[in-house]
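Dumped run-v2.txt below, it's compact mmCIF, C-alpha atoms:
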```
# COMPACT_ATOMS: atom_id res chain seq x y z
CA MET M 1 7.81 40.54 5.87
CA LYS M 2 10.28 40.08 3.05
CA PHE M 3 12.38 37.00 2.37
CA ALA M 4 14.82 36.03 -0.38
CA VAL M 5 14.86 32.85 -2.45
CA ILE M 6 18.08 31.51 -3.97
CA THR M 7 18.78 28.17 -5.57
CA ASP M 8 21.40 26.16 -7.44
CA VAL M 9 24.51 28.00 -6.28
CA HIS M 10 26.53 25.09 -7.69
CA GLY M 11 29.87 25.85 -6.11
CA ASN M 12 30.06 29.45 -7.32
CA ALA M 13 31.06 31.52 -4.28
CA ARG M 14 31.66 34.69 -6.30
CA ALA M 15 28.10 34.72 -7.59
CA LEU M 16 26.76 33.91 -4.12
CA GLU M 17 28.71 36.76 -2.54
CA ALA M 18 27.34 39.20 -5.11
CA VAL M 19 23.75 38.16 -4.40
CA LEU M 20 24.15 38.21 -0.63
CA ALA M 21 25.70 41.67 -0.80
CA GLU M 22 22.62 42.97 -2.61
CA ILE M 23 20.23 41.23 -0.21
CA ASP M 24 22.06 42.60 2.82
CA ALA M 25 22.04 46.09 1.33
CA PHE M 26 18.24 46.11 1.12
CA GLY M 27 18.11 46.06 4.91
CA ASP M 28 14.56 44.71 5.13
CA VAL M 29 14.97 41.07 4.08
CA SER M 30 14.30 38.95 7.16
CA HIS M 31 15.40 35.54 5.90
CA ILE M 32 16.95 33.68 2.98
CA TYR M 33 15.78 30.29 1.71
CA CYS M 34 18.37 28.31 -0.26
CA LEU M 35 16.73 25.57 -2.30
CA GLY M 36 19.51 23.06 -2.81
CA ASP M 37 22.39 22.18 -5.12
CA MET M 38 24.76 24.37 -3.18
CA ILE M 39 27.66 22.30 -4.54
CA GLY M 40 28.63 20.40 -7.67
CA ILE M 41 29.45 21.82 -11.14
CA GLY M 42 31.40 24.72 -9.62
CA HIS M 43 34.73 24.30 -7.84
CA GLU M 44 34.30 26.62 -4.83
CA THR M 45 32.69 23.99 -2.62
CA ASN M 46 34.16 24.93 0.74
CA GLU M 47 33.79 28.64 0.11
CA VAL M 48 30.08 28.29 -0.68
CA LEU M 49 29.31 26.02 2.26
CA GLY M 50 31.35 28.21 4.59
CA ILE M 51 29.37 31.29 3.57
CA LEU M 52 25.96 29.65 3.87
CA PHE M 53 26.55 27.76 7.10
CA GLY M 54 28.23 30.86 8.54
CA ARG M 55 25.02 32.91 8.43
CA ASN M 56 22.15 32.73 10.91
CA ASP M 57 19.52 34.01 8.48
CA VAL M 58 19.69 31.18 5.92
CA SER M 59 17.59 28.01 5.78
CA MET M 60 18.83 25.34 3.39
CA ILE M 61 17.50 22.16 1.85
CA THR M 62 19.47 19.57 -0.09
CA GLY M 63 19.41 19.07 -3.84
CA ASN M 64 20.44 16.08 -5.93
CA HIS M 65 24.04 17.27 -6.41
CA ASP M 66 24.47 17.88 -2.68
CA GLU M 67 23.15 14.43 -1.85
CA ALA M 68 25.16 12.67 -4.55
CA VAL M 69 28.39 14.25 -3.30
CA LEU M 70 27.39 13.52 0.28
CA ALA M 71 26.79 9.86 -0.57
CA LEU M 72 30.40 9.59 -1.76
CA ALA M 73 31.81 11.55 1.17
CA ALA M 74 29.88 9.45 3.69
CA GLY M 75 30.53 6.10 1.97
CA ARG M 76 26.93 5.42 0.98
CA GLU M 77 25.47 4.07 -2.25
CA TYR M 78 25.85 6.51 -5.14
CA PRO M 79 22.73 7.16 -7.28
CA ARG M 80 22.73 5.26 -10.56
CA SER M 81 21.09 8.18 -12.36
CA HIS M 82 24.21 10.28 -11.67
CA LEU M 83 26.85 7.82 -12.88
CA HIS M 84 27.63 10.05 -15.86
CA VAL M 85 29.00 12.69 -13.43
CA LEU M 86 30.59 10.32 -10.91
CA ALA M 87 34.16 11.48 -11.62
CA HIS M 88 33.18 15.10 -11.11
CA HIS M 89 31.26 14.41 -7.90
CA GLN M 90 34.16 12.32 -6.57
CA TRP M 91 36.50 15.25 -7.21
CA VAL M 92 34.15 17.56 -5.31
CA ALA M 93 33.77 15.08 -2.44
CA ASP M 94 37.54 14.57 -2.19
CA GLY M 95 38.11 18.31 -1.85
CA MET M 96 35.25 19.05 0.51
CA ASP M 97 36.08 19.93 4.11
CA LYS M 98 34.94 16.87 6.07
CA GLY M 99 33.47 19.16 8.71
CA PHE M 100 30.63 19.94 6.34
CA ILE M 101 29.47 16.32 6.10
CA ALA M 102 27.56 16.34 9.39
CA LYS M 103 26.05 19.73 8.61
CA LEU M 104 24.81 18.61 5.21
CA GLU M 105 23.43 15.43 6.75
CA LYS M 106 21.13 17.48 8.99
CA LEU M 107 19.50 19.44 6.18
CA PRO M 108 15.93 18.57 5.18
CA ARG M 109 14.59 18.04 1.67
CA VAL M 110 11.60 20.33 2.10
CA ILE M 111 10.63 23.28 4.27
CA ARG M 112 7.05 24.39 4.86
CA GLU M 113 6.24 27.83 6.23
CA GLU M 114 3.23 30.09 6.63
CA PHE M 115 3.30 33.85 6.17
CA SER M 116 0.30 36.10 6.77
CA GLY M 117 -1.94 33.06 6.60
CA HIS M 118 -0.51 31.87 3.27
CA ARG M 119 1.28 28.53 3.07
CA VAL M 120 4.63 28.17 1.29
CA LEU M 121 6.51 25.10 0.10
CA PHE M 122 10.28 25.30 -0.34
CA THR M 123 11.73 22.31 -2.19
CA HIS M 124 14.54 21.54 -4.58
CA TYR M 125 12.10 19.83 -6.87
CA HIS M 126 8.88 17.92 -6.84
CA MET M 127 9.11 14.49 -5.24
CA GLU M 128 6.46 11.91 -4.57
CA LYS M 129 5.46 12.14 -0.93
CA ARG M 130 6.60 8.57 -0.26
CA LYS M 131 10.11 9.38 -1.55
CA THR M 132 10.87 12.47 0.50
CA GLU M 133 12.69 10.36 3.11
CA VAL M 134 14.31 7.65 0.97
CA PRO M 135 18.04 7.63 0.10
CA ILE M 136 19.10 9.45 -3.05
CA SER M 137 20.18 6.08 -4.45
CA GLU M 138 16.48 5.51 -5.10
CA ASP M 139 16.51 8.59 -7.34
CA PRO M 140 13.62 10.68 -6.02
CA PHE M 141 14.40 13.72 -8.16
CA SER M 142 12.45 14.71 -11.23
CA GLN M 143 13.77 15.24 -14.72
CA ILE M 144 13.82 18.31 -16.94
CA VAL M 145 10.55 19.87 -18.04
CA GLU M 146 9.66 22.95 -20.05
CA PRO M 147 9.31 26.14 -17.96
CA ASN M 148 5.63 27.02 -18.28
CA LEU M 149 2.49 27.14 -16.16
CA ASP M 150 1.13 23.86 -17.47
CA SER M 151 4.26 21.91 -16.54
CA ALA M 152 4.44 23.59 -13.13
CA GLU M 153 0.83 22.67 -12.38
CA LYS M 154 1.45 19.07 -13.40
CA MET M 155 4.64 18.81 -11.33
CA PHE M 156 2.96 20.04 -8.19
CA SER M 157 -0.52 18.62 -8.64
CA GLY M 158 -1.99 17.78 -5.28
CA HIS M 159 -0.26 20.69 -3.57
CA HIS M 160 -2.37 23.53 -2.22
CA GLU M 161 0.23 26.07 -1.13
CA SER M 162 -0.14 29.69 -2.17
CA LEU M 163 3.54 29.84 -3.11
CA ILE M 164 5.74 26.96 -4.29
CA CYS M 165 9.44 27.79 -4.48
CA PHE M 166 11.76 25.34 -6.21
CA GLY M 167 14.98 25.02 -8.18
CA HIS M 168 16.73 22.13 -9.96
CA HIS M 169 15.91 23.47 -13.43
CA HIS M 170 18.33 26.25 -14.20
CA PRO M 171 16.05 28.46 -16.34
CA ARG M 172 13.65 30.78 -14.53
CA HIS M 173 10.09 29.65 -13.73
CA PHE M 174 7.66 32.32 -12.59
CA PHE M 175 4.02 31.50 -13.24
CA HIS M 176 0.74 31.68 -11.39
CA ASN M 177 -2.88 30.65 -11.60
CA ASP M 178 -5.79 31.74 -9.43
CA HIS M 179 -4.45 30.13 -6.27
CA THR M 180 -0.71 29.36 -6.59
CA ILE M 181 2.50 31.13 -7.56
CA TYR M 182 5.23 28.85 -8.92
CA LEU M 183 8.67 30.41 -8.39
CA ASN M 184 12.11 29.28 -9.48
CA PRO M 185 14.36 32.36 -9.77
CA GLY M 186 16.89 30.40 -11.85
CA ALA M 187 20.30 28.97 -11.09
CA LEU M 188 22.33 31.48 -9.11
CA GLY M 189 25.68 29.92 -9.95
CA CYS M 190 25.22 28.78 -13.57
CA ASN M 191 24.55 31.32 -16.26
CA ASP M 192 25.65 32.21 -19.78
CA LYS M 193 26.62 35.69 -18.57
CA PRO M 194 28.14 37.09 -15.36
CA GLU M 195 24.80 37.48 -13.61
CA ALA M 196 23.34 35.67 -10.61
CA PRO M 197 19.53 35.59 -10.28
CA TYR M 198 17.51 35.53 -7.08
CA ALA M 199 14.06 36.55 -5.88
CA ILE M 200 12.65 38.82 -3.20
CA VAL M 201 9.22 37.89 -1.86
CA GLU M 202 7.06 40.16 0.24
CA ALA M 203 4.32 38.49 2.26
CA LYS M 204 1.25 40.69 2.52
CA ASP M 205 -2.14 39.96 4.01
CA GLU M 206 -3.79 39.60 0.63
CA ALA M 207 -1.06 37.82 -1.34
CA PHE M 208 2.64 37.44 -2.08
CA GLU M 209 4.50 39.96 -4.20
CA VAL M 210 7.50 38.55 -6.06
CA GLU M 211 10.37 40.42 -7.67
CA ILE M 212 13.08 38.54 -9.54
CA LYS M 213 16.44 40.28 -9.51
CA SER M 214 19.94 39.61 -10.77
CA ALA M 215 23.34 40.56 -9.35
CA THR M 216 26.25 41.17 -11.70
CA TYR M 217 29.76 40.07 -10.76
CA ASP M 218 33.20 39.51 -12.26
CA ASN M 219 33.38 35.81 -13.14
CA LYS M 220 36.68 35.81 -15.06
CA ALA M 221 38.81 34.30 -12.28
CA PHE M 222 36.09 31.77 -11.46
CA LEU M 223 35.94 30.53 -15.05
CA GLU M 224 39.72 30.46 -15.45
CA ALA M 225 40.07 28.32 -12.32
CA TYR M 226 38.30 25.38 -13.99
CA ASP M 227 41.39 24.84 -16.11
CA LYS M 228 43.90 25.72 -13.39
CA LEU M 229 42.31 23.21 -11.01
CA GLN M 230 41.81 20.58 -13.73
CA VAL M 231 38.15 20.19 -12.76
CA PRO M 232 36.79 16.93 -14.24
CA GLU M 233 34.34 17.49 -17.12
CA ARG M 234 35.36 21.15 -17.27
CA ASP M 235 34.90 21.51 -21.02
CA PHE M 236 31.34 20.23 -20.81
CA ILE M 237 30.60 22.35 -17.73
CA LEU M 238 31.94 25.56 -19.27
CA ARG M 239 30.03 24.98 -22.48
CA ILE M 240 26.68 23.84 -21.08
CA PHE M 241 26.42 25.59 -17.71
CA HIS M 242 28.35 28.79 -18.39
CA GLY M 243 27.48 29.36 -22.02
CA GLY M 244 31.04 28.97 -23.28
CA GLN M 245 32.10 32.23 -21.66
CA ALA M 246 35.64 31.00 -21.08
CA SER M 247 37.89 31.63 -24.07
CA ALA M 248 39.09 28.74 -26.16
CA SER M 249 42.55 29.11 -24.70
CA LEU M 250 41.21 28.15 -21.28
CA LYS M 251 39.65 24.94 -22.48
CA LYS M 252 41.37 21.59 -22.33
CA ARG M 253 43.75 21.08 -25.19
```

Turn the structure described in the file into structure tokens.
Amino acid sequence: MKFAVITDVHGNARALEAVLAEIDAFGDVSHIYCLGDMIGIGHETNEVLGILFGRNDVSMITGNHDEAVLALAAGREYPRSHLHVLAHHQWVADGMDKGFIAKLEKLPRVIREEFSGHRVLFTHYHMEKRKTEVPISEDPFSQIVEPNLDSAEKMFSGHHESLICFGHHHPRHFFHNDHTIYLNPGALGCNDKPEAPYAIVEAKDEAFEVEIKSATYDNKAFLEAYDKLQVPERDFILRIFHGGQASASLKKR
């Protein structure tokens, strides 16, 4: 069996479409696991959610951006740790099709599966077990760490899965020790070049085989729309999350 792992789409429907087109073209990928942060940062909120909820071969979990936007849309307490991006999240929530609220509410924070006798954990990021069910206002999400085996082992100490798939950190994590593979293919929707990473995993009797891939796409119109739509914090977003790809003329004057 083969399955795909994607994460951190961040409101970038063009990148998502490019990745899904490649996955569909393979013809032998049975399922897709989307590891949260489908929305936020990017401006194509409804397009992304429409694509993902419109498929019957995708399992999703929520990330911190999804839950922060959902808190605003549903009138719940907003997480204090995200106050620095409140204006941006409010803009996203205001433009989100209200029909997606109930669908997002139903998504879990973690998914556990077993393939060929090997256990897999799908999560947006490591959370203490006692916090997996608490509101996001209690800030259960971890902070940035360096992408290496040592940090991955520390993050997921106490876990015994053969494969741990996660996102949240936008750089790629792909490390393993004698018993566990730690896989974060990297942020699909945020990159310093017009490429969208994802992973294909094949479950075999003896072990998992992982291949990290990247789909190229034309991101010019997507980047230009930040200015056209007057997306809050667009200068910061374009610089930090898209590597300053937009020309200076597109930035806020």

Worksheet entry | Top pick for closest residue to Ala74 of chain M, considering M:Gly99, M:Gly42, M:Pro108, M:Pro197 and counting only C-alpha atoms |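 Among the listed residues, the smallest separation from Ala74 of chain M belongs to M:Gly99.
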
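Proximity of M:Asp150, M:Asp139, M:Asp235, M:Asp218 to Asn12 of chain M, computed with only C-alpha atoms, is greatest for M:Asp218.
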
Which residues come within 12 Å of His31 of chain M, counting all atoms listed in the file, excluding same-chain residues fewer than 5 positions away, as a compact mmCIF listing (two decimals) with C-alpha atoms, in the coordinates of the input?
```
# COMPACT_ATOMS: atom_id res chain seq x y z
CA MET M 1 7.81 40.54 5.87
CA LYS M 2 10.28 40.08 3.05
CA PHE M 3 12.38 37.00 2.37
CA ALA M 4 14.82 36.03 -0.38
CA VAL M 5 14.86 32.85 -2.45
CA ILE M 6 18.08 31.51 -3.97
CA LEU M 20 24.15 38.21 -0.63
CA ILE M 23 20.23 41.23 -0.21
CA ASP M 24 22.06 42.60 2.82
CA PHE M 26 18.24 46.11 1.12
CA ARG M 55 25.02 32.91 8.43
CA ASN M 56 22.15 32.73 10.91
CA ASP M 57 19.52 34.01 8.48
CA VAL M 58 19.69 31.18 5.92
CA SER M 59 17.59 28.01 5.78
CA MET M 60 18.83 25.34 3.39
CA GLU M 113 6.24 27.83 6.23
CA ALA M 199 14.06 36.55 -5.88
CA ILE M 200 12.65 38.82 -3.20
CA VAL M 201 9.22 37.89 -1.86
CA GLU M 202 7.06 40.16 0.24
```

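Atom CA of Ala246 of chain M sits 25.2 Å away from atom CA of Asp66 of chain M.
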
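Pairwise distance (atom CA of Tyr182 of chain M, atom CA of Val85 of chain M) equals 29.1 Å.
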
The distance between atom CA of Gly117 of chain M and atom CA of Ala203 of chain M is 9.4 Å

### Task
Can you pull out every residue within 7 Å of Thr62 of chain M, counting only C-alpha atoms, but drop anything in the same chain fewer than 3 positions away, and send it as a PyMOL selection string?
chain M and resi 35-37+66-67+107-109+124

Min atom-atom distance to Ile240 of chain M from the set M:Val110, M:Leu49, M:Val92, M:Cys190, counting only C-alpha atoms, belongs to M:Cys190

Around the point (5.3, 33.6, -8.6) in the file's coordinates, collect all residues with an atom within 9 Å, using only C-alpha atoms, and return them as a tab-separated table (two decimals) with C-alpha atoms, in the frame of the given file.
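The resulting file, out-v8.tsv, is reproduced below:
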```tsv
chain	number	residue	atom	x	y	z
M	163	LEU	CA	3.54	29.84	-3.11
M	164	ILE	CA	5.74	26.96	-4.29
M	165	CYS	CA	9.44	27.79	-4.48
M	173	HIS	CA	10.09	29.65	-13.73
M	174	PHE	CA	7.66	32.32	-12.59
M	175	PHE	CA	4.02	31.50	-13.24
M	176	HIS	CA	0.74	31.68	-11.39
M	180	THR	CA	-0.71	29.36	-6.59
M	181	ILE	CA	2.50	31.13	-7.56
M	182	TYR	CA	5.23	28.85	-8.92
M	183	LEU	CA	8.67	30.41	-8.39
M	184	ASN	CA	12.11	29.28	-9.48
M	201	VAL	CA	9.22	37.89	-1.86
M	208	PHE	CA	2.64	37.44	-2.08
M	209	GLU	CA	4.50	39.96	-4.20
M	210	VAL	CA	7.50	38.55	-6.06
M	211	GLU	CA	10.37	40.42	-7.67
```

If you count only C-alpha atoms, the residue of M:Thr123, M:Gln245, M:Ser116, M:Gln230 closest to Phe166 of chain M turns out to be M:Thr123

Margin query: With 10 Å as the threshold, what does the neighbourhood of (22.1, 9.0, 1.8) contain in terms of residues, counting all atoms listed in the file? Coordinates are those of the file; answer as an NGL selection string.
Written below: :M and (67-72 or 74-79 or 105 or 133-138)

For Trp91 of chain M, please output as a list of chain:residue names all residues within 9 Å (counting only C-alpha atoms; exclusion window: fewer than 5 positions along the same chain).
->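 Near Trp91 of chain M, the qualifying residues are M:Leu86, M:Met96, M:Val231, M:Pro232.
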
Keeping only C-alpha atoms, take the residues you just selected and write them out as a short mmCIF file (atom, residue, chain, number, x, y, z; two decimals), in the coordinates of the input.
```cif
data_model
loop_
_atom_site.label_atom_id
_atom_site.label_comp_id
_atom_site.auth_asym_id
_atom_site.auth_seq_id
_atom_site.Cartn_x
_atom_site.Cartn_y
_atom_site.Cartn_z
CA LEU M 86 30.59 10.32 -10.91
CA MET M 96 35.25 19.05 0.51
CA VAL M 231 38.15 20.19 -12.76
CA PRO M 232 36.79 16.93 -14.24
#
```

Checklist entry - For Ile61 of chain M, which residue out of M:Cys34, M:Ile101, M:Ala152, M:Leu188 is the nearest one, using all atoms listed in the file? => result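 For Ile61 of chain M, the nearest of the given residues is M:Cys34.
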
Tyr198 of chain M proximity check over M:Thr45, M:Gln90, M:Ser214, M:Ser157, using all atoms listed in the file: winner is M:Ser214

Exercise for review: Tell me which protein, DNA and RNA residues are within 8 Å of Phe141 of chain M, counting all atoms listed in the file, leaving out same-chain ones fewer than 2 positions away, and put them as a PyMOL selection string.
Suggested key: chain M and resi 64+125-127+139+143

Quiz item: Excluding same-chain residues fewer than 6 positions from Ala73 of chain M, what lies within 8 Å of it counting all atoms listed in the file, as number ranges by chain?
Solution: M: 93-94, 98, 101

Grab all the atoms of segment 156-162 of chain M that the file lists, wrap them in a box along x, y and z, add 8 Å per side, and give me centre plus edge lengths in Å (one decimal) as lines of an AutoDock Vina configuration file.
```
center_x = 0.3
center_y = 23.7
center_z = -4.9
size_x = 21.3
size_y = 27.9
size_z = 23.5
```
